[in-house]
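Presented below is the structure to which this report refers.
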Amino acid sequence: MKLIWMSDPHFEAEGLVLGHDPRLRLQAAVDFIAKHHSDAAACLITGDLVETGTMQNYKALKGVLDGLPMRVLPMTGNHDDRAALRAVLPLPETAMPGFVQYRCDFGDLSVLCLDTLIPGAAAGVLCAEGMGWLKAELDALNGRPAIVAMHHPPMMLGLPMLDPDNLRNGDALLALLAGHPNVLHLMAGHVHRPCSGTAGGIPFTTAKSVLYQAPPPCPDWDWSSFRPAAEAPALTVLEDSPGGLTLQQCQFCDYGLGAPAA
Ligand SMILES: [Fe+2]
């Protein structure tokens, strides 16, 4: 079973985002997926679907995503508007009322997509209602395998400019997950950096953005000197087999496509 994972497209119906063209880059990702991975069961997008959470942007985004030959599983990021997202993009019938949080089953593997948006804040939280939902879902799985996907990483990543805006109650989430060894992997967006490791014993990966990348932590940078790194965007192909999971990062276009002129 194969899943596609995209993150942080920061789509806009018009204009550029930090000098990058979100329409060119998302279209390139969609074309790549349609050409090479049309057999995937779904495409997860871990938040920051749009740069500005307007209905116009979500409708234009849907117009591009409709070119994918598989269902889309959207999540909220800090740039998203929960109500506008829900109004435009269909969610699985398991979705919590009023949230973008749900379970999607692929054979024996369940994907648990979490809603960590705090309106108006860059950081995220899994609210008490969302945490309760997750515990109930994990308990109901009764040991069957699951992966957890979300926007805000619940762990420190050694990224001084980005770690302060991760999941505010990450320790509580990781403690809950640690009690469920059937959680095979945790996937997060938000940092626009490819990181992997373990947190509380749980393997995790964070994704590059479909649009622009944050610089690596060394050499030092701060927000006054911030410029996106001149790195090509990427998406991830996740494959589930009896032997385990693999996550392959795939570059889908050259850096120059939709990037600022050097
Ligand atoms: Fe983002």
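Naming scheme: A, B, ... for chains in displayed order of the structure tokens; residues 1 onward per chain; ligands 1 onward as shown.
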
Report as a ChimeraX atom specification all protein, DNA and RNA residues lying within 10 Å of Glu12 (chain A), evaluated on only C-alpha atoms, omitting residues in the same chain fewer than 2 positions from it. /A:9-10,14-17,21-23,49-54,56-58,60-61

File dump, residues just selected, N, CA, C and O atoms, as an mmCIF file, in the first residue's frame:
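What landed in part_32.cif:
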```
data_model
loop_
_atom_site.group_PDB
_atom_site.id
_atom_site.type_symbol
_atom_site.label_atom_id
_atom_site.label_comp_id
_atom_site.auth_asym_id
_atom_site.auth_seq_id
_atom_site.Cartn_x
_atom_site.Cartn_y
_atom_site.Cartn_z
ATOM 1 N N PRO A 9 1.981 23.507 1.150
ATOM 2 C CA PRO A 9 1.980 24.113 -0.193
ATOM 3 C C PRO A 9 1.760 25.620 -0.173
ATOM 4 O O PRO A 9 2.051 26.292 -1.171
ATOM 5 N N HIS A 10 1.221 26.170 0.920
ATOM 6 C CA HIS A 10 1.014 27.625 1.035
ATOM 7 C C HIS A 10 0.409 28.195 -0.253
ATOM 8 O O HIS A 10 0.871 29.225 -0.773
ATOM 9 N N GLU A 14 -3.518 33.814 -6.389
ATOM 10 C CA GLU A 14 -2.775 34.826 -7.159
ATOM 11 C C GLU A 14 -1.510 35.201 -6.381
ATOM 12 O O GLU A 14 -1.477 35.117 -5.162
ATOM 13 N N GLY A 15 -0.505 35.672 -7.106
ATOM 14 C CA GLY A 15 0.675 36.244 -6.463
ATOM 15 C C GLY A 15 1.684 35.207 -6.012
ATOM 16 O O GLY A 15 1.522 33.999 -6.216
ATOM 17 N N LEU A 16 2.756 35.719 -5.389
ATOM 18 C CA LEU A 16 3.869 34.891 -4.942
ATOM 19 C C LEU A 16 3.914 34.848 -3.420
ATOM 20 O O LEU A 16 3.359 35.719 -2.746
ATOM 21 N N VAL A 17 4.606 33.850 -2.891
ATOM 22 C CA VAL A 17 4.833 33.721 -1.449
ATOM 23 C C VAL A 17 6.349 33.669 -1.246
ATOM 24 O O VAL A 17 7.007 32.726 -1.699
ATOM 25 N N ASP A 21 6.375 30.759 -6.554
ATOM 26 C CA ASP A 21 5.062 30.642 -7.190
ATOM 27 C C ASP A 21 4.361 29.367 -6.701
ATOM 28 O O ASP A 21 4.753 28.257 -7.100
ATOM 29 N N PRO A 22 3.356 29.512 -5.850
ATOM 30 C CA PRO A 22 2.725 28.306 -5.286
ATOM 31 C C PRO A 22 1.933 27.509 -6.312
ATOM 32 O O PRO A 22 1.750 26.296 -6.127
ATOM 33 N N ARG A 23 1.464 28.161 -7.368
ATOM 34 C CA ARG A 23 0.677 27.426 -8.372
ATOM 35 C C ARG A 23 1.583 26.545 -9.232
ATOM 36 O O ARG A 23 1.282 25.385 -9.496
ATOM 37 N N LEU A 49 -2.112 24.469 3.936
ATOM 38 C CA LEU A 49 -2.604 24.210 2.578
ATOM 39 C C LEU A 49 -2.583 25.499 1.769
ATOM 40 O O LEU A 49 -2.294 25.488 0.580
ATOM 41 N N VAL A 50 -2.914 26.598 2.438
ATOM 42 C CA VAL A 50 -2.927 27.911 1.794
ATOM 43 C C VAL A 50 -2.098 28.882 2.626
ATOM 44 O O VAL A 50 -1.861 28.665 3.819
ATOM 45 N N GLU A 51 -1.650 29.941 1.974
ATOM 46 C CA GLU A 51 -0.911 30.990 2.692
ATOM 47 C C GLU A 51 -1.881 31.858 3.491
ATOM 48 O O GLU A 51 -1.584 32.254 4.620
ATOM 49 N N THR A 52 -3.030 32.152 2.894
ATOM 50 C CA THR A 52 -4.070 32.970 3.528
ATOM 51 C C THR A 52 -5.397 32.214 3.419
ATOM 52 O O THR A 52 -5.779 31.806 2.315
ATOM 53 N N GLY A 53 -6.069 32.046 4.544
ATOM 54 C CA GLY A 53 -7.220 31.149 4.597
ATOM 55 C C GLY A 53 -8.518 31.719 4.084
ATOM 56 O O GLY A 53 -9.480 31.855 4.839
ATOM 57 N N THR A 54 -8.573 32.018 2.802
ATOM 58 C CA THR A 54 -9.798 32.529 2.196
ATOM 59 C C THR A 54 -10.494 31.425 1.396
ATOM 60 O O THR A 54 -9.853 30.479 0.918
ATOM 61 N N GLN A 56 -11.621 31.781 -1.540
ATOM 62 C CA GLN A 56 -11.076 31.842 -2.900
ATOM 63 C C GLN A 56 -9.834 30.966 -3.023
ATOM 64 O O GLN A 56 -9.675 30.222 -4.001
ATOM 65 N N ASN A 57 -8.955 31.041 -2.028
ATOM 66 C CA ASN A 57 -7.734 30.239 -2.095
ATOM 67 C C ASN A 57 -8.026 28.745 -1.979
ATOM 68 O O ASN A 57 -7.420 27.928 -2.678
ATOM 69 N N TYR A 58 -8.941 28.388 -1.080
ATOM 70 C CA TYR A 58 -9.247 26.954 -0.953
ATOM 71 C C TYR A 58 -9.918 26.413 -2.214
ATOM 72 O O TYR A 58 -9.655 25.281 -2.632
ATOM 73 N N ALA A 60 -9.488 27.536 -5.285
ATOM 74 C CA ALA A 60 -8.448 27.410 -6.313
ATOM 75 C C ALA A 60 -7.536 26.230 -6.017
ATOM 76 O O ALA A 60 -7.126 25.494 -6.930
ATOM 77 N N LEU A 61 -7.225 26.035 -4.745
ATOM 78 C CA LEU A 61 -6.419 24.873 -4.352
ATOM 79 C C LEU A 61 -7.119 23.582 -4.750
ATOM 80 O O LEU A 61 -6.504 22.667 -5.312
#
```

Output as a list in words all residues of region 163-220 of chain A that backbone DSSP marks as alpha helix (DSSP H). Gly170, Asp171, Ala172, Leu173, Leu174, Ala175, Leu176, Leu177 and Ala178 of chain A

Once you have the residues from the selection above, write them out as a tab-separated table (two decimals), in the first residue's frame, restricted to C-alpha atoms.
```
chain	number	residue	atom	x	y	z
A	170	GLY	CA	3.83	17.80	22.53
A	171	ASP	CA	4.98	15.97	25.66
A	172	ALA	CA	1.40	14.94	26.46
A	173	LEU	CA	0.85	13.71	22.92
A	174	LEU	CA	4.10	11.73	22.90
A	175	ALA	CA	3.22	10.20	26.28
A	176	LEU	CA	-0.12	9.07	24.88
A	177	LEU	CA	1.50	7.60	21.78
A	178	ALA	CA	4.20	5.87	23.84
```

Tell me which protein, DNA and RNA residues are within 12 Å of Gly201 (chain A), counting only C-alpha atoms, leaving out same-chain ones fewer than 3 positions away, and put them as a PyMOL selection string. chain A and resi 155+174-186+197-198+204

Next, dump the selected residues to file, keeping only N, CA, C and O atoms, as a PDB file, in the first residue's frame.
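Result file is again.pdb:
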```
ATOM      1  N   MET A 155       7.803  17.568  18.985  1.00  0.00           N
ATOM      2  CA  MET A 155       9.121  17.402  19.608  1.00  0.00           C
ATOM      3  C   MET A 155      10.049  18.514  19.146  1.00  0.00           C
ATOM      4  O   MET A 155       9.822  19.149  18.108  1.00  0.00           O
ATOM      5  N   LEU A 174       3.113  12.811  23.001  1.00  0.00           N
ATOM      6  CA  LEU A 174       4.100  11.734  22.900  1.00  0.00           C
ATOM      7  C   LEU A 174       3.890  10.700  24.012  1.00  0.00           C
ATOM      8  O   LEU A 174       4.083   9.499  23.785  1.00  0.00           O
ATOM      9  N   ALA A 175       3.485  11.155  25.192  1.00  0.00           N
ATOM     10  CA  ALA A 175       3.218  10.202  26.277  1.00  0.00           C
ATOM     11  C   ALA A 175       2.036   9.300  25.919  1.00  0.00           C
ATOM     12  O   ALA A 175       2.057   8.089  26.185  1.00  0.00           O
ATOM     13  N   LEU A 176       1.020   9.880  25.307  1.00  0.00           N
ATOM     14  CA  LEU A 176      -0.124   9.070  24.882  1.00  0.00           C
ATOM     15  C   LEU A 176       0.307   8.048  23.824  1.00  0.00           C
ATOM     16  O   LEU A 176      -0.039   6.862  23.911  1.00  0.00           O
ATOM     17  N   LEU A 177       1.081   8.507  22.852  1.00  0.00           N
ATOM     18  CA  LEU A 177       1.497   7.602  21.785  1.00  0.00           C
ATOM     19  C   LEU A 177       2.422   6.510  22.318  1.00  0.00           C
ATOM     20  O   LEU A 177       2.385   5.364  21.844  1.00  0.00           O
ATOM     21  N   ALA A 178       3.266   6.860  23.300  1.00  0.00           N
ATOM     22  CA  ALA A 178       4.203   5.867  23.840  1.00  0.00           C
ATOM     23  C   ALA A 178       3.473   4.693  24.479  1.00  0.00           C
ATOM     24  O   ALA A 178       4.025   3.593  24.568  1.00  0.00           O
ATOM     25  N   GLY A 179       2.253   4.924  24.905  1.00  0.00           N
ATOM     26  CA  GLY A 179       1.461   3.839  25.481  1.00  0.00           C
ATOM     27  C   GLY A 179       0.790   2.970  24.449  1.00  0.00           C
ATOM     28  O   GLY A 179       0.031   2.052  24.808  1.00  0.00           O
ATOM     29  N   HIS A 180       1.045   3.274  23.177  1.00  0.00           N
ATOM     30  CA  HIS A 180       0.427   2.507  22.078  1.00  0.00           C
ATOM     31  C   HIS A 180       1.515   2.108  21.080  1.00  0.00           C
ATOM     32  O   HIS A 180       1.750   2.803  20.077  1.00  0.00           O
ATOM     33  N   PRO A 181       2.201   1.004  21.340  1.00  0.00           N
ATOM     34  CA  PRO A 181       3.309   0.595  20.460  1.00  0.00           C
ATOM     35  C   PRO A 181       2.877   0.230  19.050  1.00  0.00           C
ATOM     36  O   PRO A 181       3.745  -0.013  18.204  1.00  0.00           O
ATOM     37  N   ASN A 182       1.592   0.214  18.810  1.00  0.00           N
ATOM     38  CA  ASN A 182       1.114  -0.017  17.432  1.00  0.00           C
ATOM     39  C   ASN A 182       1.257   1.237  16.564  1.00  0.00           C
ATOM     40  O   ASN A 182       1.006   1.177  15.358  1.00  0.00           O
ATOM     41  N   VAL A 183       1.654   2.386  17.154  1.00  0.00           N
ATOM     42  CA  VAL A 183       1.911   3.590  16.349  1.00  0.00           C
ATOM     43  C   VAL A 183       3.281   3.422  15.695  1.00  0.00           C
ATOM     44  O   VAL A 183       4.318   3.450  16.359  1.00  0.00           O
ATOM     45  N   LEU A 184       3.275   3.240  14.381  1.00  0.00           N
ATOM     46  CA  LEU A 184       4.502   2.912  13.654  1.00  0.00           C
ATOM     47  C   LEU A 184       5.332   4.144  13.332  1.00  0.00           C
ATOM     48  O   LEU A 184       6.565   4.062  13.255  1.00  0.00           O
ATOM     49  N   HIS A 185       4.657   5.289  13.117  1.00  0.00           N
ATOM     50  CA  HIS A 185       5.398   6.450  12.648  1.00  0.00           C
ATOM     51  C   HIS A 185       4.566   7.705  12.890  1.00  0.00           C
ATOM     52  O   HIS A 185       3.335   7.658  12.860  1.00  0.00           O
ATOM     53  N   LEU A 186       5.276   8.810  13.094  1.00  0.00           N
ATOM     54  CA  LEU A 186       4.632  10.109  13.269  1.00  0.00           C
ATOM     55  C   LEU A 186       5.162  11.032  12.177  1.00  0.00           C
ATOM     56  O   LEU A 186       6.379  11.123  11.967  1.00  0.00           O
ATOM     57  N   GLY A 197      13.958  11.028  13.130  1.00  0.00           N
ATOM     58  CA  GLY A 197      14.560  10.578  14.376  1.00  0.00           C
ATOM     59  C   GLY A 197      13.550   9.804  15.176  1.00  0.00           C
ATOM     60  O   GLY A 197      12.602   9.214  14.617  1.00  0.00           O
ATOM     61  N   THR A 198      13.751   9.786  16.486  1.00  0.00           N
ATOM     62  CA  THR A 198      12.756   9.190  17.372  1.00  0.00           C
ATOM     63  C   THR A 198      12.442  10.189  18.472  1.00  0.00           C
ATOM     64  O   THR A 198      13.287  10.991  18.871  1.00  0.00           O
ATOM     65  N   PHE A 204       9.879   9.350  13.824  1.00  0.00           N
ATOM     66  CA  PHE A 204       9.160  10.463  13.202  1.00  0.00           C
ATOM     67  C   PHE A 204       9.922  10.989  11.993  1.00  0.00           C
ATOM     68  O   PHE A 204      11.139  10.793  11.851  1.00  0.00           O
TER      69      PHE A 204
END
```

If the limit is 9 Å from any atom of ligand 1, counting only C-alpha atoms and all ligand atoms, which residues qualify? Return them as an MDAnalysis selection string. chainID A and resid 7:10 47:51 77:79 151 189:192 209 211:212

Export N, CA, C and O atoms of the chosen residues as a CSV table (one decimal), in the first residue's frame?
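Okay, this is what ended up in selection-v4.csv:
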```
chain,number,residue,atom,x,y,z
A,7,SER,N,3.5,18.5,2.0
A,7,SER,CA,3.3,19.4,3.2
A,7,SER,C,3.5,20.9,2.7
A,7,SER,O,4.2,21.1,1.8
A,8,ASP,N,2.8,21.7,3.4
A,8,ASP,CA,3.0,23.2,3.4
A,8,ASP,C,3.0,23.7,1.9
A,8,ASP,O,4.0,24.4,1.6
A,9,PRO,N,2.0,23.5,1.1
A,9,PRO,CA,2.0,24.1,-0.2
A,9,PRO,C,1.8,25.6,-0.2
A,9,PRO,O,2.1,26.3,-1.2
A,10,HIS,N,1.2,26.2,0.9
A,10,HIS,CA,1.0,27.6,1.0
A,10,HIS,C,0.4,28.2,-0.3
A,10,HIS,O,0.9,29.2,-0.8
A,47,GLY,N,-1.0,20.3,6.3
A,47,GLY,CA,-1.2,21.6,6.7
A,47,GLY,C,-0.5,22.7,6.0
A,47,GLY,O,0.4,22.5,5.1
A,48,ASP,N,-0.9,24.0,6.4
A,48,ASP,CA,-0.5,25.1,5.6
A,48,ASP,C,-0.9,24.9,4.1
A,48,ASP,O,-0.1,25.1,3.2
A,49,LEU,N,-2.1,24.5,3.9
A,49,LEU,CA,-2.6,24.2,2.6
A,49,LEU,C,-2.6,25.5,1.8
A,49,LEU,O,-2.3,25.5,0.6
A,50,VAL,N,-2.9,26.6,2.4
A,50,VAL,CA,-2.9,27.9,1.8
A,50,VAL,C,-2.1,28.9,2.6
A,50,VAL,O,-1.9,28.7,3.8
A,51,GLU,N,-1.7,29.9,2.0
A,51,GLU,CA,-0.9,31.0,2.7
A,51,GLU,C,-1.9,31.9,3.5
A,51,GLU,O,-1.6,32.3,4.6
A,77,GLY,N,-2.9,23.7,9.1
A,77,GLY,CA,-1.7,24.3,9.7
A,77,GLY,C,-2.0,25.7,10.2
A,77,GLY,O,-3.2,26.1,10.1
A,78,ASN,N,-1.0,26.3,10.7
A,78,ASN,CA,-1.3,27.6,11.3
A,78,ASN,C,-1.7,28.7,10.3
A,78,ASN,O,-2.3,29.7,10.6
A,79,HIS,N,-1.5,28.5,9.0
A,79,HIS,CA,-1.9,29.4,8.0
A,79,HIS,C,-3.4,29.1,7.5
A,79,HIS,O,-3.9,29.9,6.7
A,151,HIS,N,0.3,18.7,11.6
A,151,HIS,CA,1.1,19.9,11.1
A,151,HIS,C,2.3,20.2,12.0
A,151,HIS,O,3.4,20.2,11.6
A,189,GLY,N,4.6,18.4,9.5
A,189,GLY,CA,5.0,19.5,8.6
A,189,GLY,C,5.5,20.7,9.3
A,189,GLY,O,6.3,20.5,10.3
A,190,HIS,N,5.2,21.9,8.9
A,190,HIS,CA,5.4,23.1,9.7
A,190,HIS,C,6.8,23.7,9.5
A,190,HIS,O,6.9,24.9,9.4
A,191,VAL,N,7.8,22.8,9.7
A,191,VAL,CA,9.2,23.4,9.7
A,191,VAL,C,9.8,23.5,8.4
A,191,VAL,O,10.9,24.1,8.3
A,192,HIS,N,9.2,23.0,7.3
A,192,HIS,CA,9.8,23.1,6.0
A,192,HIS,C,11.2,22.6,5.9
A,192,HIS,O,12.1,23.2,5.2
A,209,SER,N,8.7,21.5,2.4
A,209,SER,CA,7.5,22.1,1.9
A,209,SER,C,7.4,21.8,0.4
A,209,SER,O,8.4,21.7,-0.3
A,211,LEU,N,6.5,24.2,-1.4
A,211,LEU,CA,6.7,25.5,-2.0
A,211,LEU,C,8.1,26.0,-1.7
A,211,LEU,O,8.9,26.2,-2.6
A,212,TYR,N,8.5,26.3,-0.4
A,212,TYR,CA,9.8,26.9,-0.1
A,212,TYR,C,10.3,26.2,1.2
A,212,TYR,O,9.6,25.7,2.0
```

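Closest approach to Asp108 (chain A) among A:Leu257, A:Ile147, A:Cys43, A:Ala13: A:Ile147, based on only C-alpha atoms.
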
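Between CA of Asp220 (chain A) and CA of Met150 (chain A) there is a distance of 27.1 Å.
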
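Using only C-alpha atoms for every distance, the candidate list A:Ala123, A:Leu18, A:Met156, A:Ser110 yields A:Leu18 as the residue closest to Phe226 (chain A).
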